[in-house]
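Chemist: Quick one: this structure, given as structure tokens, is what I'll be asking you about.
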Amino acid sequence: MCGRSSLHDAPVSVLERFRLPPALPGFEPRYNIAPTQLQWTIAFDHREEPAARTIRWGLIPWWSADAAMGNRMINARAESVAGKPSYRTSFQKRRCLVLADGYYEWMVAGRQRTPMFFHMSGHRPFVM
């Protein structure tokens, strides 16, 4: 996943696609969502039904005594996520879809880092 994302408008079209209510209670536009911040997601609730809710971005492994570990564990490689002890259980049992309408990646040239903003045409919302 990316290093930062955005969600400017309530993603009504995505929510309707998952047969969820089109309103997100307390939704506020966010233009630079960083690790450790709350992010709108679609995940299964206690009844095993999809639900939209906010989740803090970052993974604190069950074996970690330090909650700050979640600040560093924000990305997992697709080719190894199922086998790494840090991610394995969450990958198997606690997946979610992250709602966004854009994300940032950085272009590095020497010491210069330039943020590049990627989005769908028309800034349509999507899930990651």
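Residue numbering restarts at 1 for every chain of the structure tokens, chains are lettered A, B, ... in their displayed order, and ligands are numbered from 1 as they appear.
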Write out as a PyMOL selection string each polymer residue whose atoms come within 12 Å of range 74-88 of chain A, counting only C-alpha atoms; drop sequence neighbours fewer than 6 positions from it.
Modeler: chain A and resi 1-4+34-37+56-64+68+94-95
Chemist: Keeping N, CA, C and O atoms, export the residues of the selection given above as a PDB file, in the first residue's frame.
Modeler:
ATOM      1  N   MET A   1       0.837  -1.173   0.000  1.00  0.00           N
ATOM      2  CA  MET A   1       0.000   0.000   0.000  1.00  0.00           C
ATOM      3  C   MET A   1       0.879   1.231   0.000  1.00  0.00           C
ATOM      4  O   MET A   1       2.066   1.166   0.229  1.00  0.00           O
ATOM      5  N   CYS A   2       0.275   2.362  -0.212  1.00  0.00           N
ATOM      6  CA  CYS A   2       0.975   3.626  -0.339  1.00  0.00           C
ATOM      7  C   CYS A   2       1.401   4.179   1.020  1.00  0.00           C
ATOM      8  O   CYS A   2       1.054   3.655   2.057  1.00  0.00           O
ATOM      9  N   GLY A   3       2.124   5.284   0.977  1.00  0.00           N
ATOM     10  CA  GLY A   3       2.573   5.933   2.200  1.00  0.00           C
ATOM     11  C   GLY A   3       1.555   6.888   2.785  1.00  0.00           C
ATOM     12  O   GLY A   3       1.533   7.122   3.977  1.00  0.00           O
ATOM     13  N   ARG A   4       0.713   7.467   1.956  1.00  0.00           N
ATOM     14  CA  ARG A   4      -0.353   8.362   2.401  1.00  0.00           C
ATOM     15  C   ARG A   4      -1.500   8.293   1.404  1.00  0.00           C
ATOM     16  O   ARG A   4      -1.294   7.940   0.253  1.00  0.00           O
ATOM     17  N   ALA A  34      -2.173   9.955   7.006  1.00  0.00           N
ATOM     18  CA  ALA A  34      -0.863   9.364   7.286  1.00  0.00           C
ATOM     19  C   ALA A  34      -1.005   8.118   8.159  1.00  0.00           C
ATOM     20  O   ALA A  34      -2.039   7.919   8.807  1.00  0.00           O
ATOM     21  N   PRO A  35       0.027   7.279   8.180  1.00  0.00           N
ATOM     22  CA  PRO A  35       0.022   6.134   9.088  1.00  0.00           C
ATOM     23  C   PRO A  35      -0.260   6.589  10.521  1.00  0.00           C
ATOM     24  O   PRO A  35       0.124   7.687  10.916  1.00  0.00           O
ATOM     25  N   THR A  36      -0.941   5.771  11.271  1.00  0.00           N
ATOM     26  CA  THR A  36      -1.405   5.940  12.649  1.00  0.00           C
ATOM     27  C   THR A  36      -2.681   6.767  12.741  1.00  0.00           C
ATOM     28  O   THR A  36      -3.265   6.858  13.804  1.00  0.00           O
ATOM     29  N   GLN A  37      -3.145   7.363  11.646  1.00  0.00           N
ATOM     30  CA  GLN A  37      -4.385   8.124  11.680  1.00  0.00           C
ATOM     31  C   GLN A  37      -5.567   7.215  11.335  1.00  0.00           C
ATOM     32  O   GLN A  37      -5.399   6.149  10.765  1.00  0.00           O
ATOM     33  N   ARG A  56      -7.627   2.576  12.762  1.00  0.00           N
ATOM     34  CA  ARG A  56      -6.314   3.212  12.829  1.00  0.00           C
ATOM     35  C   ARG A  56      -5.354   2.472  11.911  1.00  0.00           C
ATOM     36  O   ARG A  56      -5.254   1.256  11.940  1.00  0.00           O
ATOM     37  N   TRP A  57      -4.630   3.209  11.081  1.00  0.00           N
ATOM     38  CA  TRP A  57      -3.724   2.641  10.090  1.00  0.00           C
ATOM     39  C   TRP A  57      -2.415   2.254  10.748  1.00  0.00           C
ATOM     40  O   TRP A  57      -1.691   3.077  11.280  1.00  0.00           O
ATOM     41  N   GLY A  58      -2.096   0.984  10.712  1.00  0.00           N
ATOM     42  CA  GLY A  58      -0.863   0.434  11.277  1.00  0.00           C
ATOM     43  C   GLY A  58      -1.169  -0.889  11.949  1.00  0.00           C
ATOM     44  O   GLY A  58      -2.295  -1.128  12.386  1.00  0.00           O
ATOM     45  N   LEU A  59      -0.192  -1.742  12.013  1.00  0.00           N
ATOM     46  CA  LEU A  59      -0.388  -3.066  12.608  1.00  0.00           C
ATOM     47  C   LEU A  59       0.467  -3.199  13.859  1.00  0.00           C
ATOM     48  O   LEU A  59       1.680  -2.961  13.818  1.00  0.00           O
ATOM     49  N   ILE A  60      -0.170  -3.535  14.958  1.00  0.00           N
ATOM     50  CA  ILE A  60       0.563  -3.856  16.175  1.00  0.00           C
ATOM     51  C   ILE A  60       0.477  -5.364  16.325  1.00  0.00           C
ATOM     52  O   ILE A  60      -0.586  -5.905  16.626  1.00  0.00           O
ATOM     53  N   PRO A  61       1.572  -6.089  16.072  1.00  0.00           N
ATOM     54  CA  PRO A  61       1.530  -7.551  16.169  1.00  0.00           C
ATOM     55  C   PRO A  61       1.142  -7.993  17.578  1.00  0.00           C
ATOM     56  O   PRO A  61       1.437  -7.306  18.561  1.00  0.00           O
ATOM     57  N   TRP A  62       0.508  -9.128  17.691  1.00  0.00           N
ATOM     58  CA  TRP A  62       0.044  -9.632  18.978  1.00  0.00           C
ATOM     59  C   TRP A  62       1.188  -9.800  19.967  1.00  0.00           C
ATOM     60  O   TRP A  62       1.011  -9.667  21.171  1.00  0.00           O
ATOM     61  N   TRP A  63       2.381 -10.051  19.487  1.00  0.00           N
ATOM     62  CA  TRP A  63       3.517 -10.313  20.360  1.00  0.00           C
ATOM     63  C   TRP A  63       4.264  -9.045  20.768  1.00  0.00           C
ATOM     64  O   TRP A  63       5.167  -9.088  21.593  1.00  0.00           O
ATOM     65  N   SER A  64       3.869  -7.888  20.229  1.00  0.00           N
ATOM     66  CA  SER A  64       4.582  -6.645  20.516  1.00  0.00           C
ATOM     67  C   SER A  64       4.100  -6.031  21.822  1.00  0.00           C
ATOM     68  O   SER A  64       2.905  -5.902  22.066  1.00  0.00           O
ATOM     69  N   ALA A  68       3.890   1.569  19.685  1.00  0.00           N
ATOM     70  CA  ALA A  68       4.561   2.367  18.659  1.00  0.00           C
ATOM     71  C   ALA A  68       4.991   1.514  17.469  1.00  0.00           C
ATOM     72  O   ALA A  68       5.297   2.052  16.403  1.00  0.00           O
ATOM     73  N   ARG A  94      -8.422 -10.759   9.516  1.00  0.00           N
ATOM     74  CA  ARG A  94      -8.870  -9.383   9.761  1.00  0.00           C
ATOM     75  C   ARG A  94      -8.536  -8.448   8.602  1.00  0.00           C
ATOM     76  O   ARG A  94      -7.997  -7.375   8.795  1.00  0.00           O
ATOM     77  N   ARG A  95      -8.915  -8.825   7.414  1.00  0.00           N
ATOM     78  CA  ARG A  95      -8.670  -7.966   6.255  1.00  0.00           C
ATOM     79  C   ARG A  95      -9.718  -6.862   6.191  1.00  0.00           C
ATOM     80  O   ARG A  95     -10.801  -6.977   6.758  1.00  0.00           O
TER      81      ARG A  95
END
Chemist: Would you mind writing down, as a list of chain:residue names, each residue of chain A that DSSP on the backbone assigns to helix (DSSP H, G or I)?
Modeler: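 Everything in chain A that counts as helix (DSSP H, G or I) is A:Val12, A:Ser13, A:Val14, A:Leu15, A:Glu16, A:Arg17, A:Met69, A:Gly70, A:Asn71, A:Arg72, A:Arg88, A:Thr89, A:Ser90, A:Phe91, A:Gln92, A:Lys93, A:Ser121, A:Gly122, A:His123.
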Chemist: With distances taken over only C-alpha atoms, which of A:Phe44, A:Phe117, A:Tyr103, A:Tyr31 is nearest to Phe18 in chain A?
Modeler: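 For Phe18 in chain A, the nearest of the given residues is A:Phe44.
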Chemist: Determine the nearest neighbour of Ile55 in chain A from the options A:Ala109, A:Val98, A:Glu16, A:Ala23, counting only C-alpha atoms.
Modeler: A:Val98
Chemist: Can you work out which one of A:Cys96, A:Ser13, A:Phe91, A:Leu7 has the shortest atom-to-atom distance to Ile42 in chain A, counting only C-alpha atoms?
Modeler: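 Among the listed residues, A:Cys96 lies closest to Ile42 in chain A.
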Chemist: Choose the residue, out of A:Ser5, A:Pro29, A:Ser121, A:Glu49, that has the smallest atom-to-atom separation from Glu105 in chain A; count only C-alpha atoms.
Modeler: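 So, comparing all the options, the nearest one is A:Ser5.
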